[in-house]
Amino acid sequence: MSTLLDWKHITFAHPWYFLLLLLLPAMVWWQMKGKRKENPTLRLTSISGLGAGNNGFKARIRPALFWLRVVTILMLTIALARPQSSNTTENVDSEGIDIVLCMDISGSMLAEDFKPNRMEAAKKQALNFIDERPGDRIGLVIFAGESFTMCPITIDHNVLKNQVNKVESSMLTTSGTAIGSGLATAVGRVRNARGKSKVVILMTDGTNNVFGGTSLDPATATEIAKLYGVRVYSIAIGTIGQALVPVQTPMGIQKQMMATDVDENLLKNIAAATNGKFYRATGNRSLEAIYKDIDKLEKTKVSITSYKHYAELFFPFALIAAVCLALELLTRYTLFRSITA
């Protein structure tokens, strides 16, 4: 019954049968015209000998025969139009891309040439980028003087976005900017991924100034990325010139003007060597445009196959039409059977 009431998902295989409904107004007109003719008149000199008029039970319900015929035609027309409920299912085949966001969180990322600062602007655009990639597996690596996997590549974007929101400059205690280590960690996370494409989005506002120990130099990290077919989109973030940066001093945190010292040549070389692309972000709008461009360059192929299933619903209407017709014929030739020829 609920299927019959759900008209949003009902279609008709032969809707032209509804033209038969044009007969109904003609039937009503003919019935009213015939009813007027069946009322003869008789002139009497007095009606005192006639009792109060009483049409009786049969006379009152006789018009129901006509409406049974109307319902019969209505239900039969709907049945002939073949109502069907449709149910559509979709099979989605997605060739996802595996992406790692590799973000510099060193102290200089708190510079206020972006609003409210570089780090918060970068986080906002990363979240927007994630929302635009529902079919991709994405991870997050952060780095300063060392690197750390904040979130392995995952399709659970809610978990990933929660981790992005938690990123702060003070999360890694080692000072400096280890671009090579950050890139190597990101490549390590994506190198064995199953997607048709492997991508790292590397963002920094500085130069690689951590050497030796467990740190990896950028040239070696770039060769590893090439070896595993990882494409790197590098973003140099920061205005050209100087920016106001919060700095810890003996008098507490003070804001000082500091030069933006980002190694563009290094980032250009990394992008070129891995068939990626280099970008320079000097403000919030340019950073937003960069992420939109990367989104266009790394499109995910999604194939959707639709299957439509139909269920026939004509039987209840045909049944109602048959019952109404049988009831009309039965009463017409029994209860209302004419005694005249």
# chains A, B, ... in the order shown; residues from 1 in each chain; ligands from 1

$ residues_around --residues "Phe18 of chain A" --least-positions-apart "5" --cutoff "9 Å" --atoms "only C-alpha atoms" --output "PDB file with C-alpha atoms, in the first residue's frame"
ATOM      1  CA  LEU A  74     -11.333   5.445 -13.769  1.00  0.00           C
ATOM      2  CA  THR A  77      -7.939   3.547 -17.266  1.00  0.00           C
ATOM      3  CA  ILE A  78      -5.219   3.662 -14.575  1.00  0.00           C
ATOM      4  CA  LEU A  80      -4.354   0.207 -18.739  1.00  0.00           C
ATOM      5  CA  ALA A  81      -1.781   2.994 -18.269  1.00  0.00           C
TER       6      ALA A  81
END

$ closest_residue --among "A:Ser181, A:Lys166, A:Val100, A:Met119" --to "Leu140 of chain A" --atoms "only C-alpha atoms"
A:Val100

$ residues_around --residues "Val199 of chain A" --least-positions-apart "2" --cutoff "6 Å" --atoms "only C-alpha atoms" --output "NGL selection string"
:A and (99 or 230-232)

$ closest_residue --among "A:Lys196, A:Arg280, A:Arg69, A:His157" --to "Val323 of chain A" --atoms "only C-alpha atoms"
A:Arg69

$ closest_residue --among "A:Asp131, A:Arg118, A:Lys161, A:Arg189" --to "Phe148 of chain A" --atoms "only C-alpha atoms"
A:Arg189

$ residues_around --residues "segment 170-175 of chain A" --least-positions-apart "3" --cutoff "12 Å" --atoms "only C-alpha atoms" --output "NGL selection string"
:A and (104-110 or 119 or 141-150 or 166-167 or 178 or 208-210 or 215)

$ atom_distance --atom1 "atom CA of Thr239 of chain A" --atom2 "atom CA of Ala126 of chain A"
19.0 Å

$ residues_around --residues "Tyr233 of chain A" --least-positions-apart "3" --cutoff "8 Å" --atoms "only C-alpha atoms" --output "compact mmCIF listing (two decimals) with N, CA and C atoms, in the first residue's frame"
# COMPACT_ATOMS: atom_id res chain seq x y z
N VAL A 199 50.49 11.34 -5.00
CA VAL A 199 50.77 12.78 -4.99
C VAL A 199 51.17 13.23 -3.60
N VAL A 200 52.14 14.16 -3.53
CA VAL A 200 52.49 14.85 -2.29
C VAL A 200 52.35 16.35 -2.54
N ILE A 201 51.64 17.02 -1.64
CA ILE A 201 51.54 18.48 -1.69
C ILE A 201 52.43 19.02 -0.57
N LEU A 202 53.59 19.55 -0.97
CA LEU A 202 54.61 20.01 -0.03
C LEU A 202 54.50 21.52 0.15
N ALA A 271 59.64 19.96 -7.69
CA ALA A 271 58.43 19.82 -8.52
C ALA A 271 58.80 19.38 -9.94
N GLY A 276 55.80 17.41 -11.20
CA GLY A 276 54.78 18.16 -10.47
C GLY A 276 54.72 19.60 -10.92
N LYS A 277 54.40 20.49 -10.00
CA LYS A 277 54.27 21.91 -10.34
C LYS A 277 54.60 22.75 -9.11
N PHE A 278 55.27 23.87 -9.35
CA PHE A 278 55.62 24.79 -8.26
C PHE A 278 54.64 25.95 -8.21
N TYR A 279 54.32 26.38 -6.97
CA TYR A 279 53.41 27.51 -6.77
C TYR A 279 54.01 28.45 -5.73
N ILE A 294 45.37 22.58 -8.19
CA ILE A 294 45.82 21.20 -7.96
C ILE A 294 44.63 20.25 -8.04

$ closest_residue --among "A:Ala186, A:Ile240, A:Ile235, A:Leu325" --to "Ala221 of chain A" --atoms "only C-alpha atoms"
A:Ala186

$ select_by_dssp --residues "segment 170-280 of chain A" --states "strand (DSSP E or B)" --output "PyMOL selection string"
chain A and resi 197-204+230-237+242-249+252-259+277-280

$ write_last_selection --atoms "N, CA and C atoms" --output "short mmCIF file (atom, residue, chain, number, x, y, z; two decimals), in the first residue's frame"
data_model
loop_
_atom_site.label_atom_id
_atom_site.label_comp_id
_atom_site.auth_asym_id
_atom_site.auth_seq_id
_atom_site.Cartn_x
_atom_site.Cartn_y
_atom_site.Cartn_z
N SER A 197 47.25 7.17 -8.98
CA SER A 197 48.21 8.26 -8.95
C SER A 197 48.62 8.51 -7.51
N LYS A 198 49.91 8.87 -7.33
CA LYS A 198 50.45 9.14 -5.98
C LYS A 198 50.99 10.56 -5.96
N VAL A 199 50.49 11.34 -5.00
CA VAL A 199 50.77 12.78 -4.99
C VAL A 199 51.17 13.23 -3.60
N VAL A 200 52.14 14.16 -3.53
CA VAL A 200 52.49 14.85 -2.29
C VAL A 200 52.35 16.35 -2.54
N ILE A 201 51.64 17.02 -1.64
CA ILE A 201 51.54 18.48 -1.69
C ILE A 201 52.43 19.02 -0.57
N LEU A 202 53.59 19.55 -0.97
CA LEU A 202 54.61 20.01 -0.03
C LEU A 202 54.50 21.52 0.15
N MET A 203 54.29 21.95 1.40
CA MET A 203 54.15 23.38 1.67
C MET A 203 55.15 23.82 2.73
N THR A 204 55.89 24.89 2.43
CA THR A 204 56.85 25.42 3.40
C THR A 204 57.06 26.91 3.16
N VAL A 230 56.11 9.26 -7.43
CA VAL A 230 55.31 10.20 -6.64
C VAL A 230 55.47 11.59 -7.23
N ARG A 231 54.35 12.22 -7.57
CA ARG A 231 54.37 13.57 -8.11
C ARG A 231 54.25 14.56 -6.95
N VAL A 232 55.11 15.59 -6.97
CA VAL A 232 55.15 16.56 -5.87
C VAL A 232 54.71 17.92 -6.38
N TYR A 233 53.68 18.46 -5.74
CA TYR A 233 53.28 19.85 -5.95
C TYR A 233 53.83 20.65 -4.78
N SER A 234 54.77 21.55 -5.08
CA SER A 234 55.42 22.31 -4.01
C SER A 234 54.84 23.72 -3.95
N ILE A 235 54.62 24.19 -2.71
CA ILE A 235 54.03 25.51 -2.49
C ILE A 235 54.95 26.30 -1.58
N ALA A 236 55.45 27.42 -2.08
CA ALA A 236 56.19 28.36 -1.24
C ALA A 236 55.19 29.37 -0.70
N ILE A 237 55.03 29.40 0.62
CA ILE A 237 54.01 30.25 1.22
C ILE A 237 54.69 31.42 1.95
N GLN A 242 58.95 41.23 3.95
CA GLN A 242 58.93 40.95 5.38
C GLN A 242 57.50 40.71 5.87
N ALA A 243 57.43 40.02 7.01
CA ALA A 243 56.14 39.74 7.62
C ALA A 243 56.28 39.80 9.13
N LEU A 244 55.17 40.11 9.80
CA LEU A 244 55.15 40.19 11.26
C LEU A 244 55.06 38.78 11.83
N VAL A 245 56.04 38.41 12.68
CA VAL A 245 56.11 37.05 13.22
C VAL A 245 56.20 37.11 14.75
N PRO A 246 55.40 36.33 15.48
CA PRO A 246 55.54 36.25 16.93
C PRO A 246 56.85 35.54 17.31
N VAL A 247 57.65 36.15 18.16
CA VAL A 247 58.95 35.60 18.53
C VAL A 247 59.06 35.56 20.05
N GLN A 248 59.58 34.44 20.56
CA GLN A 248 59.78 34.31 22.01
C GLN A 248 61.02 35.10 22.43
N THR A 249 60.85 36.03 23.36
CA THR A 249 61.95 36.85 23.87
C THR A 249 61.95 36.77 25.40
N GLY A 252 58.90 37.84 26.94
CA GLY A 252 57.68 37.17 26.49
C GLY A 252 57.61 37.16 24.98
N ILE A 253 56.44 36.80 24.46
CA ILE A 253 56.26 36.74 23.01
C ILE A 253 56.07 38.14 22.47
N GLN A 254 56.96 38.51 21.54
CA GLN A 254 56.90 39.82 20.90
C GLN A 254 56.77 39.61 19.39
N LYS A 255 56.07 40.51 18.72
CA LYS A 255 55.94 40.44 17.27
C LYS A 255 57.02 41.29 16.62
N GLN A 256 57.73 40.66 15.70
CA GLN A 256 58.82 41.35 15.03
C GLN A 256 58.71 41.18 13.52
N MET A 257 59.18 42.16 12.79
CA MET A 257 59.22 42.06 11.34
C MET A 257 60.42 41.20 10.94
N MET A 258 60.13 40.15 10.16
CA MET A 258 61.20 39.25 9.73
C MET A 258 61.07 39.01 8.23
N ALA A 259 62.22 38.83 7.58
CA ALA A 259 62.23 38.59 6.14
C ALA A 259 61.68 37.20 5.82
N LYS A 277 54.40 20.49 -10.00
CA LYS A 277 54.27 21.91 -10.34
C LYS A 277 54.60 22.75 -9.11
N PHE A 278 55.27 23.87 -9.35
CA PHE A 278 55.62 24.79 -8.26
C PHE A 278 54.64 25.95 -8.21
N TYR A 279 54.32 26.38 -6.97
CA TYR A 279 53.41 27.51 -6.77
C TYR A 279 54.01 28.45 -5.73
N ARG A 280 53.63 29.73 -5.86
CA ARG A 280 54.01 30.71 -4.83
C ARG A 280 52.73 31.35 -4.32
#

$ select_by_dssp --residues "segment 50-164 of chain A" --states "alpha helix (DSSP H)" --output "ChimeraX atom specification"
/A:56-61,64-80,118-131,157-164

$ atom_distance --atom1 "atom CA of Thr11 of chain A" --atom2 "atom CA of Leu319 of chain A"
19.4 Å

$ residues_around --residues "Leu313 of chain A" --least-positions-apart "2" --cutoff "6 Å" --atoms "only C-alpha atoms" --output "number ranges by chain"
A: 83-84, 315

$ write_last_selection --atoms "C-alpha atoms" --output "PDB file, in the first residue's frame"
ATOM      1  CA  PRO A  83       1.571   2.213 -13.218  1.00  0.00           C
ATOM      2  CA  GLN A  84       5.044   1.055 -12.202  1.00  0.00           C
ATOM      3  CA  PHE A 315      -3.293  -5.222 -10.521  1.00  0.00           C
TER       4      PHE A 315
END

$ atom_distance --atom1 "atom CA of Arg191 of chain A" --atom2 "atom CA of Gly135 of chain A"
18.6 Å

$ closest_residue --among "A:Asp136, A:Asp205, A:Asp98, A:Glu298" --to "Asp113 of chain A" --atoms "only C-alpha atoms"
A:Asp205

$ residues_around --residues "Thr222 of chain A" --least-positions-apart "5" --cutoff "9 Å" --atoms "only C-alpha atoms" --output "PyMOL selection string"
chain A and resi 180+183-184+217+227+232+269-271+273-274

$ write_last_selection --atoms "N, CA and C atoms" --output "tab-separated table (two decimals), in the first residue's frame"
chain	number	residue	atom	x	y	z
A	180	GLY	N	63.68	18.06	3.58
A	180	GLY	CA	64.01	16.73	3.07
A	180	GLY	C	63.34	15.63	3.87
A	183	LEU	N	59.52	15.61	3.22
A	183	LEU	CA	59.19	15.02	1.93
A	183	LEU	C	59.41	13.51	1.95
A	184	ALA	N	60.50	13.05	2.54
A	184	ALA	CA	60.79	11.61	2.59
A	184	ALA	C	59.71	10.86	3.37
A	217	ASP	N	68.50	14.79	3.26
A	217	ASP	CA	68.59	16.02	2.46
A	217	ASP	C	67.53	16.00	1.36
A	227	LEU	N	61.70	7.64	-7.79
A	227	LEU	CA	61.80	6.18	-7.86
A	227	LEU	C	60.43	5.53	-7.73
A	232	VAL	N	55.11	15.59	-6.97
A	232	VAL	CA	55.15	16.56	-5.87
A	232	VAL	C	54.71	17.92	-6.38
A	269	ASN	N	62.85	22.83	-8.15
A	269	ASN	CA	63.59	21.63	-8.58
A	269	ASN	C	62.86	20.35	-8.17
A	270	ILE	N	62.33	20.34	-6.97
A	270	ILE	CA	61.59	19.15	-6.49
A	270	ILE	C	60.38	18.91	-7.39
A	271	ALA	N	59.64	19.96	-7.69
A	271	ALA	CA	58.43	19.82	-8.52
A	271	ALA	C	58.80	19.38	-9.94
A	273	ALA	N	61.49	17.78	-11.01
A	273	ALA	CA	62.07	16.43	-11.05
A	273	ALA	C	61.01	15.34	-10.92
A	274	THR	N	59.88	15.66	-10.33
A	274	THR	CA	58.84	14.64	-10.08
A	274	THR	C	57.61	14.85	-10.96
